[in-house]
$ cat coords-v1.cif   # mmCIF, C-alpha atoms
data_coords
#
loop_
_atom_site.group_PDB
_atom_site.id
_atom_site.type_symbol
_atom_site.label_atom_id
_atom_site.label_comp_id
_atom_site.auth_asym_id
_atom_site.auth_seq_id
_atom_site.Cartn_x
_atom_site.Cartn_y
_atom_site.Cartn_z
ATOM 1 C CA MET E 283 -73.291 -8.684 45.111
ATOM 2 C CA ILE E 284 -71.878 -10.948 42.434
ATOM 3 C CA SER E 285 -70.492 -13.486 44.863
ATOM 4 C CA THR E 286 -73.964 -14.150 46.214
ATOM 5 C CA LEU E 287 -75.167 -15.296 42.814
ATOM 6 C CA THR E 288 -74.506 -18.761 41.558
ATOM 7 C CA GLN E 289 -72.271 -17.912 38.701
ATOM 8 C CA THR E 290 -71.694 -20.718 36.251
ATOM 9 C CA THR E 291 -70.206 -18.748 33.413
ATOM 10 C CA PRO E 292 -67.502 -16.095 33.576
ATOM 11 C CA TRP E 293 -68.541 -12.475 33.446
ATOM 12 C CA THR E 294 -66.418 -9.652 32.123
ATOM 13 C CA ASP E 295 -66.543 -6.292 33.768
ATOM 14 C CA VAL E 296 -67.654 -3.834 31.096
ATOM 15 C CA PHE E 297 -67.998 -0.666 33.107
ATOM 16 C CA SER E 298 -68.543 0.241 36.696
ATOM 17 C CA THR E 299 -69.118 3.316 38.787
ATOM 18 C CA SER E 300 -69.638 3.769 42.509
ATOM 19 C CA ALA E 301 -73.368 3.338 41.906
ATOM 20 C CA GLY E 302 -73.297 0.074 39.984
ATOM 21 C CA ALA E 303 -71.711 -2.089 37.338
ATOM 22 C CA ILE E 304 -72.461 -3.828 34.083
ATOM 23 C CA TYR E 305 -70.976 -7.208 33.202
ATOM 24 C CA GLN E 306 -70.999 -9.145 29.986
ATOM 25 C CA CYS E 307 -71.497 -12.872 29.784
ATOM 26 C CA ASP E 308 -70.106 -14.174 26.488
ATOM 27 C CA GLU E 309 -71.573 -17.626 26.836
ATOM 28 C CA GLU E 310 -75.131 -16.457 27.446
ATOM 29 C CA ARG E 311 -74.669 -13.503 25.113
ATOM 30 C CA CYS E 312 -76.155 -11.096 27.559
ATOM 31 C CA TRP E 313 -75.321 -8.423 30.088
ATOM 32 C CA TYR E 314 -75.900 -8.285 33.818
ATOM 33 C CA VAL E 315 -76.773 -4.899 35.226
ATOM 34 C CA ASP E 316 -75.930 -4.519 38.893
ATOM 35 C CA PHE E 317 -77.852 -1.442 39.899
ATOM 36 C CA ALA E 318 -80.316 -0.211 42.533
ATOM 37 C CA GLY E 319 -79.836 -3.242 44.718
ATOM 38 C CA LYS E 320 -80.427 -5.954 42.152
ATOM 39 C CA VAL E 321 -78.637 -7.765 39.381
ATOM 40 C CA ALA E 322 -80.772 -8.003 36.270
ATOM 41 C CA LYS E 323 -80.093 -9.920 33.084
ATOM 42 C CA PHE E 324 -80.519 -8.063 29.787
ATOM 43 C CA ASP E 325 -80.216 -9.443 26.298
ATOM 44 C CA TYR E 326 -79.175 -7.312 23.321
ATOM 45 C CA ARG E 327 -82.637 -5.939 22.514
ATOM 46 C CA CYS E 328 -83.527 -5.209 26.119
ATOM 47 C CA LEU E 329 -80.250 -3.447 26.852
ATOM 48 C CA LEU E 330 -80.834 -1.170 23.878
ATOM 49 C CA LYS E 331 -84.382 -0.534 25.064
ATOM 50 C CA LEU E 332 -83.102 0.259 28.561
ATOM 51 C CA ARG E 333 -80.635 2.717 27.109
ATOM 52 C CA LYS E 334 -83.337 4.353 25.013
ATOM 53 C CA ALA E 335 -85.697 4.596 27.994
ATOM 54 C CA VAL E 336 -83.051 6.160 30.244
ATOM 55 C CA TYR E 337 -81.722 8.564 27.601
ATOM 56 C CA HIS E 338 -85.247 9.745 26.881
ATOM 57 C CA ILE E 339 -85.778 11.079 30.376
ATOM 58 C CA ASP E 340 -85.377 14.831 30.270
ATOM 59 C CA ILE E 341 -83.419 15.340 33.503
ATOM 60 C CA GLU E 342 -83.317 19.106 33.148
ATOM 61 C CA GLN E 343 -87.064 19.226 32.690
ATOM 62 C CA VAL E 344 -87.650 17.128 35.815
ATOM 63 C CA LEU E 345 -85.330 19.395 37.801
ATOM 64 C CA LEU E 346 -87.115 22.521 36.671
ATOM 65 C CA THR E 347 -90.633 21.268 37.277
ATOM 66 C CA THR E 348 -92.121 22.898 40.315
ATOM 67 C CA THR E 349 -95.036 20.516 40.788
ATOM 68 C CA LYS E 350 -95.370 18.599 44.007
ATOM 69 C CA ALA E 351 -95.062 15.244 42.237
ATOM 70 C CA PRO E 352 -92.078 13.252 43.538
ATOM 71 C CA ASP E 353 -89.009 13.032 41.301
ATOM 72 C CA VAL E 354 -89.480 9.355 40.673
ATOM 73 C CA GLU E 355 -89.371 7.722 37.272
ATOM 74 C CA ILE E 356 -90.599 4.248 36.476
ATOM 75 C CA ILE E 357 -88.524 2.600 33.814
ATOM 76 C CA PHE E 358 -90.585 -0.154 32.333
ATOM 77 C CA ILE E 359 -89.309 -1.958 29.300
ATOM 78 C CA CYS E 360 -91.654 -3.811 27.008
ATOM 79 C CA ALA E 361 -91.003 -7.567 26.769
ATOM 80 C CA CYS E 362 -88.424 -7.398 29.527
ATOM 81 C CA ASP E 363 -88.689 -8.954 32.982
ATOM 82 C CA HIS E 364 -87.229 -6.018 34.842
ATOM 83 C CA CYS E 365 -88.563 -2.700 35.913
ATOM 84 C CA TYR E 366 -86.837 0.129 37.760
ATOM 85 C CA VAL E 367 -88.376 2.705 40.027
ATOM 86 C CA LEU E 368 -85.686 5.325 40.393
ATOM 87 C CA SER E 369 -85.153 8.705 41.926
ATOM 88 C CA LEU E 370 -83.597 11.458 39.874
ATOM 89 C CA VAL E 371 -80.172 10.934 41.446
ATOM 90 C CA GLN E 372 -80.359 7.245 40.568
ATOM 91 C CA ILE E 373 -81.384 8.041 37.004
ATOM 92 C CA ILE E 374 -78.346 10.268 36.589
ATOM 93 C CA ALA E 375 -76.194 7.458 37.966
ATOM 94 C CA LEU E 376 -77.789 4.857 35.678
ATOM 95 C CA LYS E 377 -77.352 7.138 32.689
ATOM 96 C CA GLU E 378 -73.682 7.549 33.515
ATOM 97 C CA LEU E 379 -73.331 3.792 33.879
ATOM 98 C CA LEU E 380 -75.011 3.096 30.546
ATOM 99 C CA GLU E 381 -73.057 5.790 28.726
ATOM 100 C CA GLY E 382 -69.811 4.337 29.988
ATOM 101 C CA THR E 383 -70.918 0.832 29.087
ATOM 102 C CA PHE E 384 -71.779 1.736 25.522
ATOM 103 C CA VAL E 385 -68.513 3.590 25.085
ATOM 104 C CA MET E 386 -66.707 0.431 26.246
ATOM 105 C CA LEU E 387 -68.785 -1.792 23.961
ATOM 106 C CA GLU E 388 -68.066 0.546 21.085
ATOM 107 C CA LEU E 389 -64.366 0.469 21.905
ATOM 108 C CA ASN E 390 -64.482 -3.304 22.034
ATOM 109 C CA HIS E 391 -66.186 -3.279 18.643
ATOM 110 C CA ILE E 392 -63.508 -1.006 17.160
ATOM 111 C CA LEU E 393 -60.765 -3.282 18.510
ATOM 112 C CA HIS E 394 -62.427 -6.390 17.106
ATOM 113 C CA ASP E 395 -63.071 -4.652 13.811
ATOM 114 C CA ARG E 396 -59.533 -3.345 13.401
ATOM 115 C CA LEU E 397 -57.731 -6.425 14.699
ATOM 116 C CA GLY E 398 -59.997 -8.781 12.791
ATOM 117 C CA ARG E 399 -59.134 -7.013 9.570
ATOM 118 C CA VAL E 400 -55.375 -7.214 9.942
ATOM 119 C CA VAL E 401 -53.962 -9.405 7.206
ATOM 120 C CA ILE E 402 -51.189 -11.597 8.496
ATOM 121 C CA MET G 235 -64.722 -10.175 25.563
ATOM 122 C CA LYS G 236 -66.893 -10.976 22.569
ATOM 123 C CA ASP G 237 -68.217 -8.172 20.394
ATOM 124 C CA LEU G 238 -71.874 -8.930 21.130
ATOM 125 C CA LEU G 239 -73.198 -5.795 19.456
ATOM 126 C CA ARG G 240 -71.556 -6.801 16.217
ATOM 127 C CA ILE G 241 -72.771 -10.384 16.509
ATOM 128 C CA LYS G 242 -76.364 -9.165 16.723
ATOM 129 C CA SER G 243 -76.250 -6.426 14.134
ATOM 130 C CA LEU G 244 -74.129 -5.558 11.141
ATOM 131 C CA ILE G 245 -74.958 -1.868 11.294
ATOM 132 C CA SER G 246 -74.107 0.499 14.124
ATOM 133 C CA THR G 247 -76.784 2.156 16.233
ATOM 134 C CA GLU G 248 -76.042 5.495 14.585
ATOM 135 C CA ILE G 249 -76.432 4.132 11.074
ATOM 136 C CA GLU G 250 -79.586 2.322 12.144
ATOM 137 C CA ALA G 251 -81.038 5.577 13.466
ATOM 138 C CA LEU G 252 -80.151 7.397 10.254
ATOM 139 C CA LEU G 253 -81.687 4.651 8.123
ATOM 140 C CA ASN G 254 -84.857 4.770 10.213
ATOM 141 C CA GLN G 255 -84.938 8.513 9.693
ATOM 142 C CA GLN G 256 -84.697 7.854 5.969
ATOM 143 C CA VAL G 257 -87.591 5.377 6.176
ATOM 144 C CA LYS G 258 -89.641 8.221 7.615
ATOM 145 C CA LYS G 259 -88.447 10.634 4.963
ATOM 146 C CA GLU G 260 -89.411 8.286 2.142
ATOM 147 C CA ALA G 261 -92.808 7.664 3.729
ATOM 148 C CA TYR G 262 -93.293 11.412 4.032
ATOM 149 C CA SER G 263 -92.330 11.877 0.366
ATOM 150 C CA SER G 264 -94.796 9.200 -0.662
ATOM 151 C CA SER G 265 -97.588 10.961 1.230
ATOM 152 C CA VAL G 266 -96.643 14.341 -0.205
ATOM 153 C CA TYR G 267 -96.792 12.937 -3.740
ATOM 154 C CA LEU G 268 -100.148 11.377 -2.994
ATOM 155 C CA SER G 269 -101.438 14.750 -1.877
ATOM 156 C CA MET G 270 -100.024 16.341 -5.042
ATOM 157 C CA ALA G 271 -101.751 13.657 -7.138
ATOM 158 C CA SER G 272 -105.030 14.543 -5.473
ATOM 159 C CA TRP G 273 -104.579 18.287 -6.022
ATOM 160 C CA CYS G 274 -103.684 17.802 -9.698
ATOM 161 C CA ASN G 275 -106.624 15.497 -10.246
ATOM 162 C CA ARG G 276 -109.042 17.928 -8.593
ATOM 163 C CA ASN G 277 -107.777 20.754 -10.762
ATOM 164 C CA GLY G 278 -107.988 18.924 -14.047
ATOM 165 C CA TYR G 279 -104.321 18.001 -14.517
ATOM 166 C CA ASP G 280 -104.875 14.293 -15.016
ATOM 167 C CA PHE G 281 -101.498 13.413 -16.555
ATOM 168 C CA SER G 282 -99.666 15.111 -13.716
ATOM 169 C CA SER G 283 -101.929 13.365 -11.265
ATOM 170 C CA ASP G 284 -100.935 9.993 -12.727
ATOM 171 C CA TYR G 285 -97.287 11.069 -12.630
ATOM 172 C CA PHE G 286 -97.535 11.838 -8.914
ATOM 173 C CA PHE G 287 -99.383 8.601 -8.213
ATOM 174 C CA LYS G 288 -96.438 6.755 -9.768
ATOM 175 C CA GLN G 289 -93.976 8.834 -7.770
ATOM 176 C CA ALA G 290 -95.873 8.071 -4.554
ATOM 177 C CA GLU G 291 -95.652 4.366 -5.344
ATOM 178 C CA GLU G 292 -91.913 4.621 -6.021
ATOM 179 C CA GLU G 293 -91.242 6.422 -2.758
ATOM 180 C CA ARG G 294 -93.161 3.734 -0.930
ATOM 181 C CA LEU G 295 -90.915 1.101 -2.543
ATOM 182 C CA HIS G 296 -87.844 3.062 -1.468
ATOM 183 C CA GLN G 297 -89.205 3.166 2.061
ATOM 184 C CA LEU G 298 -89.641 -0.605 2.083
ATOM 185 C CA LYS G 299 -86.145 -1.131 0.693
ATOM 186 C CA PHE G 300 -84.664 0.770 3.650
ATOM 187 C CA TYR G 301 -87.052 -0.892 6.065
ATOM 188 C CA LYS G 302 -86.118 -4.404 4.985
ATOM 189 C CA TYR G 303 -82.413 -3.638 4.850
ATOM 190 C CA ILE G 304 -82.422 -2.552 8.502
ATOM 191 C CA LEU G 305 -84.189 -5.767 9.475
ATOM 192 C CA ASP G 306 -81.939 -7.958 7.343
ATOM 193 C CA MET G 307 -78.872 -6.466 8.997
ATOM 194 C CA GLY G 308 -80.201 -7.261 12.459
ATOM 195 C CA GLY G 309 -81.524 -3.825 13.292
ATOM 196 C CA ASN G 310 -84.900 -2.565 14.401
ATOM 197 C CA SER G 311 -87.061 -0.944 11.731
ATOM 198 C CA ILE G 312 -89.499 1.600 13.043
ATOM 199 C CA SER G 313 -92.793 2.119 11.278
ATOM 200 C CA PRO G 314 -92.993 5.899 10.929
ATOM 201 C CA GLU G 315 -95.722 8.264 11.948
ATOM 202 C CA ILE G 316 -96.496 10.740 9.185
ATOM 203 C CA THR G 317 -98.284 13.987 9.866
ATOM 204 C CA GLY G 318 -98.479 17.498 8.515
ATOM 205 C CA ILE G 319 -98.992 16.789 4.828
ATOM 206 C CA LYS G 320 -99.861 19.889 2.841
ATOM 207 C CA GLN G 321 -103.137 19.371 0.992
ATOM 208 C CA GLU G 322 -103.592 22.610 -0.920
ATOM 209 C CA TYR G 323 -101.339 24.359 -3.410
ATOM 210 C CA ASN G 324 -101.540 27.879 -4.756
ATOM 211 C CA SER G 325 -100.661 27.019 -8.321
ATOM 212 C CA PHE G 326 -99.835 24.215 -10.734
ATOM 213 C CA ARG G 327 -96.239 25.401 -10.840
ATOM 214 C CA GLU G 328 -95.919 25.418 -7.060
ATOM 215 C CA VAL G 329 -96.672 21.693 -7.003
ATOM 216 C CA PHE G 330 -93.633 20.955 -9.163
ATOM 217 C CA GLU G 331 -91.422 23.410 -7.314
ATOM 218 C CA GLU G 332 -92.179 21.589 -4.094
ATOM 219 C CA ALA G 333 -91.667 18.208 -5.743
ATOM 220 C CA LEU G 334 -88.127 19.262 -6.695
ATOM 221 C CA ASP G 335 -87.468 20.598 -3.186
ATOM 222 C CA GLN G 336 -88.601 17.267 -1.824
ATOM 223 C CA GLU G 337 -86.209 15.336 -4.057
ATOM 224 C CA ILE G 338 -83.288 17.613 -3.205
ATOM 225 C CA SER G 339 -83.944 17.068 0.455
ATOM 226 C CA VAL G 340 -83.994 13.274 -0.066
ATOM 227 C CA THR G 341 -80.690 13.420 -1.974
ATOM 228 C CA ASN G 342 -79.093 15.447 0.808
ATOM 229 C CA SER G 343 -80.323 13.054 3.403
ATOM 230 C CA ILE G 344 -78.868 10.041 1.552
ATOM 231 C CA LYS G 345 -75.579 11.901 1.146
ATOM 232 C CA ASN G 346 -75.578 12.449 4.874
ATOM 233 C CA ILE G 347 -75.973 8.725 5.580
ATOM 234 C CA TYR G 348 -73.270 7.939 3.044
ATOM 235 C CA ALA G 349 -70.893 10.355 4.769
ATOM 236 C CA ARG G 350 -71.532 8.672 8.100
ATOM 237 C CA CYS G 351 -70.917 5.244 6.514
ATOM 238 C CA MET G 352 -67.601 6.477 5.146
ATOM 239 C CA LYS G 353 -66.613 7.679 8.588
ATOM 240 C CA GLU G 354 -67.468 4.317 10.105
ATOM 241 C CA GLN G 355 -66.076 2.379 7.143
ATOM 242 C CA ASP G 356 -69.424 0.659 6.749
ATOM 243 C CA PHE G 357 -68.808 -0.412 3.163
ATOM 244 C CA ILE G 358 -71.813 -2.712 3.127
ATOM 245 C CA THR G 359 -74.323 0.061 3.742
ATOM 246 C CA MET G 360 -72.430 2.254 1.297
ATOM 247 C CA GLU G 361 -72.892 -0.366 -1.376
ATOM 248 C CA PHE G 362 -76.576 -0.595 -0.473
ATOM 249 C CA LEU G 363 -76.907 3.182 -0.787
ATOM 250 C CA ASN G 364 -75.325 3.251 -4.237
ATOM 251 C CA TRP G 365 -78.630 2.178 -5.755
ATOM 252 C CA PHE G 366 -80.380 5.126 -4.123
ATOM 253 C CA LEU G 367 -77.752 7.604 -5.273
ATOM 254 C CA LYS G 368 -78.332 6.490 -8.829
ATOM 255 C CA GLU G 369 -82.082 6.616 -8.313
ATOM 256 C CA GLN G 370 -81.831 10.209 -7.088
ATOM 257 C CA ARG G 371 -80.221 11.184 -10.373
ATOM 258 C CA GLU G 372 -83.401 10.099 -12.129
ATOM 259 C CA GLU G 373 -85.745 11.593 -9.527
ATOM 260 C CA GLU G 374 -84.085 14.988 -9.590
ATOM 261 C CA TYR G 375 -83.847 14.962 -13.363
ATOM 262 C CA LYS G 376 -87.576 14.308 -13.699
ATOM 263 C CA ALA G 377 -88.535 16.975 -11.186
ATOM 264 C CA ARG G 378 -86.224 19.508 -12.824
ATOM 265 C CA ARG G 379 -87.472 18.631 -16.284
ATOM 266 C CA ALA G 380 -91.077 19.167 -15.225
ATOM 267 C CA LEU G 381 -90.221 22.660 -14.018
ATOM 268 C CA GLU G 382 -88.354 23.302 -17.246
ATOM 269 C CA LEU G 383 -91.575 22.684 -19.149
ATOM 270 C CA PHE G 384 -93.075 25.718 -17.448
ATOM 271 C CA GLU G 385 -90.257 27.788 -18.936
ATOM 272 C CA VAL G 386 -90.242 26.393 -22.451
ATOM 273 C CA ILE G 387 -93.993 26.051 -22.952
ATOM 274 C CA GLY G 388 -95.178 28.942 -20.804
ATOM 275 C CA GLU G 389 -98.372 29.038 -18.779
ATOM 276 C CA GLU G 390 -100.326 31.401 -21.021
ATOM 277 C CA GLY G 391 -103.288 30.273 -23.092
ATOM 278 C CA THR G 392 -103.406 26.506 -23.291
ATOM 279 C CA GLY G 393 -99.905 26.372 -21.785
ATOM 280 C CA ARG G 394 -100.854 24.506 -18.624
ATOM 281 C CA TRP G 395 -102.799 21.952 -20.618
ATOM 282 C CA GLN G 396 -99.692 21.379 -22.768
ATOM 283 C CA ILE G 397 -97.419 21.157 -19.741
ATOM 284 C CA ASP G 398 -99.727 18.620 -18.123
ATOM 285 C CA LYS G 399 -99.678 16.507 -21.272
ATOM 286 C CA HIS G 400 -95.885 16.542 -21.422
ATOM 287 C CA VAL G 401 -95.364 15.801 -17.741
ATOM 288 C CA GLY G 402 -96.821 12.358 -18.382
ATOM 289 C CA GLU G 403 -94.113 11.744 -20.968
ATOM 290 C CA ILE G 404 -91.073 12.657 -18.918
ATOM 291 C CA LYS G 405 -88.536 9.859 -18.952
ATOM 292 C CA TYR G 406 -84.946 9.579 -17.878
ATOM 293 C CA ASN G 407 -82.660 7.616 -20.140
ATOM 294 C CA GLY G 408 -79.407 8.314 -18.388
ATOM 295 C CA GLU G 409 -76.714 6.330 -20.098
ATOM 296 C CA ALA G 410 -73.904 7.560 -17.928
#
$ encode --input "coords-v1.cif" --output "structure tokens"
Amino acid sequence: MISTLTQTTPWTDVFSTSAGAIYQCDEERCWYVDFAGKVAKFDYRCLLKLRKAVYHIDIEQVLLTTTKAPDVEIIFICACDHCYVLSLVQIIALKELLEGTFVMLELNHILHDRLGRVVI
Amino acid sequence: MKDLLRIKSLISTEIEALLNQQVKKEAYSSSVYLSMASWCNRNGYDFSSDYFFKQAEEERLHQLKFYKYILDMGGNSISPEITGIKQEYNSFREVFEEALDQEISVTNSIKNIYARCMKEQDFITMEFLNWFLKEQREEEYKARRALELFEVIGEEGTGRWQIDKHVGEIKYNGEA
């Protein structure tokens, strides 16, 4: 997927699962989310909004609902160019991907914080 | 890999969420005090009404302090939705009992944020919170003192009228 894009700046693999991957681009200060057949660019605010939107979906509730409505969620983020229309299985996968990503970003933050504070 | 989260914001997402919760708490306090001011005014306790109007104003300032801090640190301040404000009280004393409860709950909530900051070693937010910790000393003192007046003056006869008069004079001159 990545190789098909014209990549001008290096991306770092933040976290990946069998369903997708998230990369960070230091130069553009953004993240690229490779999921559901597309690679979408997210800046800081939008990535946080995406996380909030995905975490807010009550998966258990959707599973228990007996209505005939299809298990499809539309993830639309205000002031962001991307929109996802996902099935429940995809939502679980995206949630897993985002959780892993934020753990990695947090870990990266801890490393920077601790190493940056070492007095030589 | 650059620490992009840190570049964008000085405070962590958890601290930001807690601070936003505090914004809501302060806004709620302000509304509660406003409701108390109304009740006191309606029932003839004008000095207490003025006291609660002042308290409402103070809580609003506290709310803005938190709100602006979040923004200054690169976070996202959320304008809170406030509902469920009690409008009626059973007695003059009950108003002050609830005012003290409200202050205790605010103190606890600030302590909770402070504890989280300590865990994360967020010394900057800790320093910011110091002002509020000191402020809570005064707030709790005033609320406790008002209740004390009910004990020392007593509600019999013109007691409530006396209490109301003295509530307007409560001041905290903490030297410590």
$ interface_residues --input "coords-v1.cif" --of "chain E" --to "chain G" --cutoff "7 Å" --atoms "all atoms listed in the file" --output "list in words"
Thr294, Asp308, Arg311, Asn390, His391 and His394 of chain E
$ write_last_selection --input "coords-v1.cif" --atoms "C-alpha atoms" --output "short mmCIF file (atom, residue, chain, number, x, y, z; two decimals), in the coordinates of the input"
data_model
loop_
_atom_site.label_atom_id
_atom_site.label_comp_id
_atom_site.auth_asym_id
_atom_site.auth_seq_id
_atom_site.Cartn_x
_atom_site.Cartn_y
_atom_site.Cartn_z
CA THR E 294 -66.42 -9.65 32.12
CA ASP E 308 -70.11 -14.17 26.49
CA ARG E 311 -74.67 -13.50 25.11
CA ASN E 390 -64.48 -3.30 22.03
CA HIS E 391 -66.19 -3.28 18.64
CA HIS E 394 -62.43 -6.39 17.11
#
$ resolve_selection --input "coords-v1.cif" --expression "the PyMOL selection byres ((chain G and resi 368) around 12)" --output "number ranges by chain"
G: 341, 344-345, 361-367, 369-375, 406, 408-410
$ closest_atom_pairs --input "coords-v1.cif" --of "region 284-363 of chain G" --to "region 249-253 of chain G" --cutoff "7 Å" --atoms "all atoms listed in the file" --output "CSV"
residue,atom,partner,partner_atom,distance
G:Phe300,CA,G:Leu253,CA,6.6
G:Ile304,CA,G:Glu250,CA,6.7
G:Gly309,CA,G:Glu250,CA,6.5
G:Ile347,CA,G:Leu252,CA,6.4
$ atom_distance --input "coords-v1.cif" --atom1 "CA of Lys302 (chain G)" --atom2 "CA of Ala290 (chain G)"
18.5 Å
$ residues_around --input "coords-v1.cif" --residues "Ile373 (chain E)" --least-positions-apart "3" --cutoff "12 Å" --atoms "all atoms listed in the file" --output "VMD selection string"
chain E and resid 301 to 302 317 to 318 332 to 333 335 to 342 344 353 to 357 366 to 370 376 to 381
$ axis_aligned_box --input "coords-v1.cif" --around "region 369-377 of chain G" --padding-each-side "8 Å" --output "lines of an AutoDock Vina configuration file"
center_x = -84.4
center_y = 11.8
center_z = -10.4
size_x = 24.3
size_y = 26.4
size_z = 22.6
$ atom_distance --input "coords-v1.cif" --atom1 "CA of Ile304 (chain E)" --atom2 "CA of Cys365 (chain E)"
16.2 Å
$ atom_distance --input "coords-v1.cif" --atom1 "CA of Gln321 (chain G)" --atom2 "CA of Ser269 (chain G)"
5.7 Å
$ decode --input "coords-v1.cif" --residues "region 322-393 of chain G" --atoms "C-alpha atoms" --output "tab-separated table (two decimals), in the first residue's frame"
chain	number	residue	atom	x	y	z
G	322	GLU	CA	-35.09	24.94	46.51
G	323	TYR	CA	-33.73	24.39	50.00
G	324	ASN	CA	-35.52	23.22	53.11
G	325	SER	CA	-33.82	25.59	55.50
G	326	PHE	CA	-31.33	28.43	55.82
G	327	ARG	CA	-28.89	26.06	57.49
G	328	GLU	CA	-29.17	23.48	54.72
G	329	VAL	CA	-27.89	26.06	52.23
G	330	PHE	CA	-24.64	26.43	54.15
G	331	GLU	CA	-24.30	22.71	54.78
G	332	GLU	CA	-24.47	22.12	51.05
G	333	ALA	CA	-22.05	24.97	50.37
G	334	LEU	CA	-19.47	23.24	52.59
G	335	ASP	CA	-20.11	19.88	50.90
G	336	GLN	CA	-19.54	21.57	47.58
G	337	GLU	CA	-16.20	23.02	48.67
G	338	ILE	CA	-15.04	19.70	50.12
G	339	SER	CA	-15.84	18.01	46.86
G	340	VAL	CA	-13.85	20.66	44.94
G	341	THR	CA	-10.86	20.20	47.27
G	342	ASN	CA	-10.96	16.44	46.78
G	343	SER	CA	-11.13	16.82	43.06
G	344	ILE	CA	-8.08	19.13	42.99
G	345	LYS	CA	-6.21	16.69	45.22
G	346	ASN	CA	-7.03	13.98	42.73
G	347	ILE	CA	-5.54	15.97	39.84
G	348	TYR	CA	-2.49	16.77	41.94
G	349	ALA	CA	-1.98	13.07	42.67
G	350	ARG	CA	-2.13	12.27	38.97
G	351	CYS	CA	0.39	15.06	38.24
G	352	MET	CA	2.75	13.60	40.83
G	353	LYS	CA	2.47	10.21	39.19
G	354	GLU	CA	3.26	11.68	35.80
G	355	GLN	CA	5.86	14.07	37.20
G	356	ASP	CA	3.98	16.96	35.64
G	357	PHE	CA	5.57	19.60	37.85
G	358	ILE	CA	4.23	22.45	35.76
G	359	THR	CA	0.59	21.58	36.37
G	360	MET	CA	1.41	20.91	40.01
G	361	GLU	CA	2.75	24.42	40.33
G	362	PHE	CA	-0.37	25.75	38.61
G	363	LEU	CA	-2.55	23.82	41.07
G	364	ASN	CA	-0.75	25.22	44.10
G	365	TRP	CA	-2.77	28.42	43.80
G	366	PHE	CA	-6.00	26.44	43.93
G	367	LEU	CA	-4.90	24.42	46.94
G	368	LYS	CA	-4.30	27.63	48.82
G	369	GLU	CA	-7.61	29.02	47.60
G	370	GLN	CA	-9.42	25.95	48.91
G	371	ARG	CA	-8.09	26.69	52.38
G	372	GLU	CA	-9.97	29.98	52.28
G	373	GLU	CA	-13.09	28.54	50.65
G	374	GLU	CA	-13.43	25.74	53.16
G	375	TYR	CA	-12.67	28.04	56.06
G	376	LYS	CA	-15.44	30.44	55.01
G	377	ALA	CA	-17.99	27.68	54.50
G	378	ARG	CA	-17.11	26.09	57.84
G	379	ARG	CA	-17.21	29.42	59.62
G	380	ALA	CA	-20.68	30.15	58.27
G	381	LEU	CA	-21.93	26.86	59.69
G	382	GLU	CA	-20.22	27.64	62.97
G	383	LEU	CA	-22.35	30.77	63.26
G	384	PHE	CA	-25.43	28.57	63.45
G	385	GLU	CA	-23.90	26.92	66.52
G	386	VAL	CA	-22.66	29.99	68.33
G	387	ILE	CA	-25.58	32.31	67.60
G	388	GLY	CA	-28.38	29.76	67.44
G	389	GLU	CA	-31.42	29.94	65.19
G	390	GLU	CA	-33.97	30.88	67.85
G	391	GLY	CA	-35.59	34.30	68.02
G	392	THR	CA	-33.71	36.76	65.85
G	393	GLY	CA	-30.90	34.20	65.48
